[in-house]
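All remarks here apply to the structure that follows.
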Amino acid sequence: MSVDNITENLSYFDTTLSFTERAKDLVGRLTLEEKVGLMSHPAHGIPRLNIPAYNYWSEALHGVARNGRAAVFPQAIAMAATWDKDLIHRVATAISDEGRAKYHAALKRNGYTQQYQGLTFWSPNVNIFRDPRWGRGQETWGEDPFLTGEMAAAFVRGLQGDHPKYLKAAACAKHFAVHSGPEKDRHHFNAVVTKRELYDTYLPAFKKLVTEANVESVMGAYNRVLGEPCCASKLLIEDILRGEWNFQGHFVSDCFALSDFHLNHKVTKDAAESAALALKHGCDLGCDHVYNEIPEAIRRGLITEADVDRALERTLLTRFKLGMFDPPEDVPFTSIPTDVVACAEHRQLAYCAATEAVVLLKNKNNILPIKPSTKKIFVTGPTAASMEVLLGNYYGFNDQMITLLEGLVGRIPEGMGLEYHPGTPLKHPREIPSTWAPGMAQSADLTIVCAGFNSFLEGEEGESLLSPLNGDRESISLPQSQIDYIRELAVHGARIILVLTGGGPIALGEVEDMVEAILFVWYPGMEGGRAVADVLFGDVSPSGKLPVTFPKSLDQLPPFDDYSMNGRTYRYMTEEPLYPFGFGLSYTRFEYSELQLDKPTLPMGNSLHVSLTLTNCGASDAAEVAQFYLSDLHASTIVPRHRLIGFERVFLKTGESKTLKFTVTPEMMSFYNDDGKLTLEPGQFHLEVGGCSPGQRGQELGAPKPVTATFEVQ
């Protein structure tokens with residue numbers, strides 16, 4: 001935008017003033033009609049003030065989405081499985097580099113930006129993946145509040161950058177709060193939780209992003225919480241977000257959530273009342289048409305123009321922080337070239353993320369990695385040649401996507417045979433009963449079955465066309481067509497390596513016993529095929545850890561619409577899982593030893609200093625994720641059975657050892673009481689450090705034996 005013809009008395013272009021002063025000045029020059037035109041996500045331009053149109057709705061869940069060519073990184077739940085904060089920061093930095101380049105290219109081309117071309121990215125999703133049926137769980141960072149906060153904070157910092165004055169991009173923490181399905185009910189359900197559950201499970205990640213990562217915006221959820229619509233909740237927005245946490249950014253509604261007030265929640269009579277309710281309680285930007293009714297709400301005396309000004313100053317402040325009203329030479333990100341989009345460096349970063357995300361769940365008799373002596377491989381299954389399984393949802397596009405089959409073809413050494421047959425459709429039975437596939441499997445040394453889910457079977461409301469629950473999964477088992485096919489191969493004696501794609505837990509049932517190895521690869525992005533092939537052949541040792549518990553069946557879980565945490569996630573679940581939270585095998589063997597506490601008894605309010613030794617005792621160089629869990633043995637109310645309080649990803653060469661040091665702070669020893677207040681009590685605590693969440697199941701499956709200690713707070 002040229003500012004050469006703007007007169008000097010327009011203070012909002014005066015770069016010597018603070019952004020807050022400039023935003024107030026600009027709002028003070030607007031008519032009510034102009035203000036209303038800026039209150040929804042497609043913000044109108046104001047030619048008389050040289051303000052271009054701007055659309056706030058952009059997506060960057062795992063790459064710049066819905067905006068042409070971009071680097072496509074693994075889906076968010078896959079990146080969570082890396083437990084690698086530094087990697088996630090680098091991924092988000094790459095995403096914001098591409099977003100900046102694409103934004104300025106669109107601005108240069110059109111003079112304004114359309115939907116998905118802006119710098120206000122509505123990511124990350126930090127809702128807790130409390131139930132595996134939820135189709136959007138793939139967008140999250142898993143079931144644990146601490147892991148979610150740590151990983152998402154790294155993502156926010158990478159997206160927004162660290163410039164002292166300007167934001168590279170504006171991140172958004174969504175969906176605030178207590179929101180994780182069912183998708184078909186999201187426009188009208190009321191989430192009922194205790195204050196303890198609210199503060200213990202549903203709010204910590206949001207709090208971390210607001211108070212530590214300085215996330216620029218927060219998006220409200222569709223549903224109600226304790227009777228209040230989330231986008232007009234006094235408790236959530238006024239008392240907690242802006243009150244307790246002192247949030248200074250802007251609040252945006254989820255799309256068409258404001259219409260739900262009068263159409264579905266029935267808390268208002270019409271759109272004017274809905275606009276007034278949302279605006280009064282702190283929703284600054286509407287992602288729909290409801291804020292067009294602001295003039296009517298003012299005429300009725302429901303709100304005043306001062307309410308509009310307050311909200312508009314917040315959203316415009318974000319645009320000022322992004323440098324949208326400053327000379328390009330003043331903003332350090334305007335010179336990022338379009339060559340950065342999907343560049344070789346970002347492709348390699350996508351590859352690294354995909355390899356680190358692979359979780360090895362089973363490896364009977366160390367059948368993996370594939371041995372050089374292998375003569376022939378048979379690749380089969382409905383996801384082997386699928387482009388969709390690389391993507392997940394909210395994805396960008398790339399002209400060099402590598403499917404699982406293509407990755408294997410590119411990696412297999414000359415002299416080793418390979419055949420392929422799709423074998424079975426994703427969900428429906430084969431139309432032709434007989435197939436050559438079992439015979440091809442019989443003649444191969446190994447059969448790699450690529451199976452699982454794609455975004456047609458799980459996702460957001462309205463996106464998953466084959467899902468009977470309109471996005472959610474009715475069953476978490478593999479589709480029957482896939483089970484029948486795997487059984488058919490197993491009956492013919494195939495030695496099966498199962499490569500599973502999906503955005504959440506899969507209950508394997510009888511399939512688990514039919515196969516010799518299982519890799520869970522999530523939705524691995526554009527380099528997914530190459531990454532999975534390199535793990536299968538041992539070029540990279542698998543190091544991913546599950547960010548979510550895999551139950552044996554839905555019978556182990558409460559009803560989907562029950563938001564109480566009783567019986568949910570590793571923190572409160574008493575049933576034995578199929579695969580526990582934090583679990584993941586390696587091609588090497590790690591040993592934890594020499595756990596030492598600086599004092600076994602400590603006064604209230606003091607920290608505990610811990611050290612231990614981690615050793616790679618196997619024959620492969622590899623990374624391990626050391627996980628620290630704390631249990632409060634004498635709390636006066638319900639507390640998690642175990643609670644992740646720290647983790648460290650460590651790469652060790654074979655035979656190498658490293659001393660790990662960790663501090664258990666008083667806050668880590670505290671819990672949220674029934675009033676939602678953080679409380680520290682005296683008593684005994686149990687500390688466990690290992691490669692998986694506590695419990696016998698992990699060790700039965702091959703996780704390293706953890707080291708443990710008990711200490712007392714007096």
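Residue numbering restarts at 1 for every chain of the structure tokens, chains are lettered A, B, ... in their displayed order, and ligands are numbered from 1 as they appear.
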Near Phe251 (chain A), counting only C-alpha atoms, which residues have an atom at most 9 Å away, once you skip same-chain residues fewer than 2 positions from it, shown as a list of chain:residue names? A:Cys172, A:Glu216, A:Ser217, A:Val218, A:Met219, A:Gly220, A:Cys231, A:Ile237, A:Gly249, A:Ser253, A:Gly282, A:Cys283, A:Asp284, A:Leu285, A:Gly286, A:Ala311, A:Arg314, A:Thr315
Could you dump the residues just selected with C-alpha atoms as a tab-separated table (two decimals), in the first residue's frame?
```tsv
chain	number	residue	atom	x	y	z
A	172	CYS	CA	-4.73	-18.21	17.11
A	216	GLU	CA	-2.14	-12.94	19.33
A	217	SER	CA	-5.70	-14.23	19.07
A	218	VAL	CA	-8.09	-16.75	20.58
A	219	MET	CA	-11.05	-18.35	18.82
A	220	GLY	CA	-14.21	-19.28	20.68
A	231	CYS	CA	-18.18	-16.89	22.10
A	237	ILE	CA	-13.68	-14.51	28.10
A	249	GLY	CA	-5.01	-9.80	21.80
A	253	SER	CA	-15.77	-16.40	16.89
A	282	GLY	CA	-15.56	-9.59	24.49
A	283	CYS	CA	-15.86	-11.26	21.07
A	284	ASP	CA	-14.08	-8.77	18.82
A	285	LEU	CA	-14.44	-10.31	15.37
A	286	GLY	CA	-17.27	-12.32	13.86
A	311	ALA	CA	-13.45	-4.53	19.85
A	314	ARG	CA	-8.14	-4.90	19.30
A	315	THR	CA	-8.49	-6.36	15.80
```
Residue contacts of Phe146 (chain A) (8 Å, only C-alpha atoms) excluding same-chain residues fewer than 5 positions away, as an mmCIF file with C-alpha atoms, in the first residue's frame:
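Result file is out.cif:
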```cif
data_model
loop_
_atom_site.group_PDB
_atom_site.id
_atom_site.type_symbol
_atom_site.label_atom_id
_atom_site.label_comp_id
_atom_site.auth_asym_id
_atom_site.auth_seq_id
_atom_site.Cartn_x
_atom_site.Cartn_y
_atom_site.Cartn_z
ATOM 1 C CA PRO A 204 -3.858 -25.289 30.786
ATOM 2 C CA ALA A 205 -2.777 -25.284 27.128
ATOM 3 C CA LEU A 644 3.355 -35.649 32.674
ATOM 4 C CA ILE A 645 5.502 -32.829 34.076
#
```
Write out as a VMD selection string all residues of region 319-417 of chain A that backbone DSSP assigns to strand (DSSP E). chain A and resid 359 to 363 376 to 380 417
Selected residue, from A:Phe671, A:Tyr395, A:Phe206, A:Trp134, that lies nearest to Glu460 (chain A) when counting only C-alpha atoms: A:Trp134
When you look at Gly529 (chain A) with a cut-off of 10 Å (counting only C-alpha atoms), what residues show up, excluding the ones that are within fewer than 3 positions of it in the same chain? I need them as a count of residues only. 25
At most 9 Å is the cut-off: for each residue in region 112-160 of chain A with any atom that close to an atom of region 563-581 of chain A, write down the nearest atom pair and the distance in Å rounded to one decimal, counting only C-alpha atoms, chain first then increasing number, as a tab-separated table.
```
residue	atom	partner	partner_atom	distance
A:Phe129	CA	A:Thr569	CA	8.6
A:Arg130	CA	A:Thr569	CA	6.3
A:Asp131	CA	A:Arg568	CA	7.5
A:Glu143	CA	A:Thr569	CA	6.4
A:Asp144	CA	A:Thr569	CA	7.8
```
Between CA of Thr659 (chain A) and CA of Phe590 (chain A) lies a distance of 13.3 Å
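Compared by their closest atoms to Val707 (chain A), and using only C-alpha atoms, the residues A:Leu608, A:Val359, A:Leu597, A:Leu302 rank with A:Leu597 nearest.
Shortest atom-to-atom contact with Ala177 (chain A) among A:Ile303, A:Ile240, A:Met39, A:Val389: A:Ile240, counting only C-alpha atoms.
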In region 336-551 of chain A, what's alpha helix (DSSP H) per DSSP? Answer as a ChimeraX atom specification? /A:344-357,404-411,437-442,480-491,511-514,528-536
Please identify all polymer residues within 6 Å of Ser477 (chain A), counting only C-alpha atoms, omitting same-chain residues fewer than 3 positions from it, and present them as a ChimeraX atom specification. /A:506-508
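The protein and nucleic acid residues lying at most 10 Å from Thr338 (chain A) are Asp97, Glu98, Gly99, Arg100, Ala101, Lys102, Tyr103, His104, Ala105, Ser335, Ile336, Val340, Val341, Ala342 and Cys343 of chain A, with only C-alpha atoms considered and sequence neighbours fewer than 2 positions away removed.
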Take the residues from that selection and write them out as a JSON list (two decimals), in the first residue's frame, keeping C-alpha atoms.
```json
[["chain", "number", "residue", "atom", "x", "y", "z"],
["A", 97, "ASP", "CA", 8.01, -17.64, 6.03],
["A", 98, "GLU", "CA", 5.83, -19.15, 3.33],
["A", 99, "GLY", "CA", 2.76, -17.31, 4.63],
["A", 100, "ARG", "CA", 4.57, -13.98, 4.47],
["A", 101, "ALA", "CA", 5.83, -14.60, 0.94],
["A", 102, "LYS", "CA", 2.40, -15.64, -0.27],
["A", 103, "TYR", "CA", 0.67, -12.71, 1.47],
["A", 104, "HIS", "CA", 2.89, -10.10, -0.15],
["A", 105, "ALA", "CA", 2.58, -11.79, -3.54],
["A", 335, "SER", "CA", 11.41, -9.06, 1.58],
["A", 336, "ILE", "CA", 10.91, -12.82, 2.05],
["A", 340, "VAL", "CA", 10.87, -19.94, -0.09],
["A", 341, "VAL", "CA", 7.47, -21.53, -0.80],
["A", 342, "ALA", "CA", 7.84, -25.33, -0.75],
["A", 343, "CYS", "CA", 11.60, -24.91, -1.12]]
```
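Among the candidate residues A:Asp260, A:His609, A:Val126, A:Gln138, the one lying nearest to Leu457 (chain A) is A:Gln138, with distances computed using only C-alpha atoms.
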For region 46-60 of chain A, work out the shell of residues within 8 Å, counting only C-alpha atoms and skipping chain neighbours fewer than 3 positions away, then give it as a short mmCIF file (atom, residue, chain, number, x, y, z; two decimals) with C-alpha atoms, in the first residue's frame.
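So part_6.cif came out as:
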```cif
data_model
loop_
_atom_site.label_atom_id
_atom_site.label_comp_id
_atom_site.auth_asym_id
_atom_site.auth_seq_id
_atom_site.Cartn_x
_atom_site.Cartn_y
_atom_site.Cartn_z
CA MET A 1 0.00 0.00 0.00
CA VAL A 3 1.23 6.04 1.69
CA ILE A 6 -1.51 10.43 2.86
CA GLU A 34 -17.21 1.80 8.20
CA HIS A 41 -13.66 -11.69 8.91
CA PRO A 42 -13.95 -10.23 5.39
CA ALA A 43 -13.06 -6.71 6.53
CA GLY A 63 1.45 -25.70 6.50
CA VAL A 64 -0.17 -22.76 4.71
CA ALA A 65 -3.56 -24.24 3.83
CA ARG A 66 -6.07 -23.71 1.03
CA ILE A 95 5.18 -21.97 7.64
CA GLY A 111 -3.95 -4.76 -3.89
CA TYR A 112 -5.78 -6.70 -1.15
CA THR A 113 -5.99 -10.26 0.16
CA GLN A 114 -8.76 -12.78 -0.25
CA GLN A 115 -9.74 -15.58 2.12
CA TYR A 116 -6.77 -17.83 3.03
CA GLN A 117 -4.25 -15.24 1.76
CA GLY A 118 -3.77 -13.30 4.98
CA LEU A 119 -1.40 -13.40 7.95
CA THR A 120 -3.94 -14.13 10.70
CA PHE A 121 -3.64 -17.90 10.86
CA TRP A 122 -6.36 -19.70 12.80
CA SER A 123 -3.96 -22.26 14.24
CA PRO A 124 -3.08 -24.11 16.45
CA TYR A 394 -6.81 -28.23 6.64
CA TYR A 395 -4.02 -28.92 4.18
#
```
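Distances to Glu313 (chain A) were evaluated for A:Leu701, A:Val689, A:Val331, A:Leu30 using only C-alpha atoms, and the minimum falls at A:Leu30.
Nearest to Trp141 (chain A) of all the residues A:Gly503, A:Pro559, A:Pro479, A:Gly695 is A:Gly503, counting only C-alpha atoms.
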For Ala76 (chain A), work out the shell of residues within 6 Å, counting only C-alpha atoms and skipping chain neighbours fewer than 2 positions away, then give it as a PyMOL selection string. chain A and resi 78-79+139-140
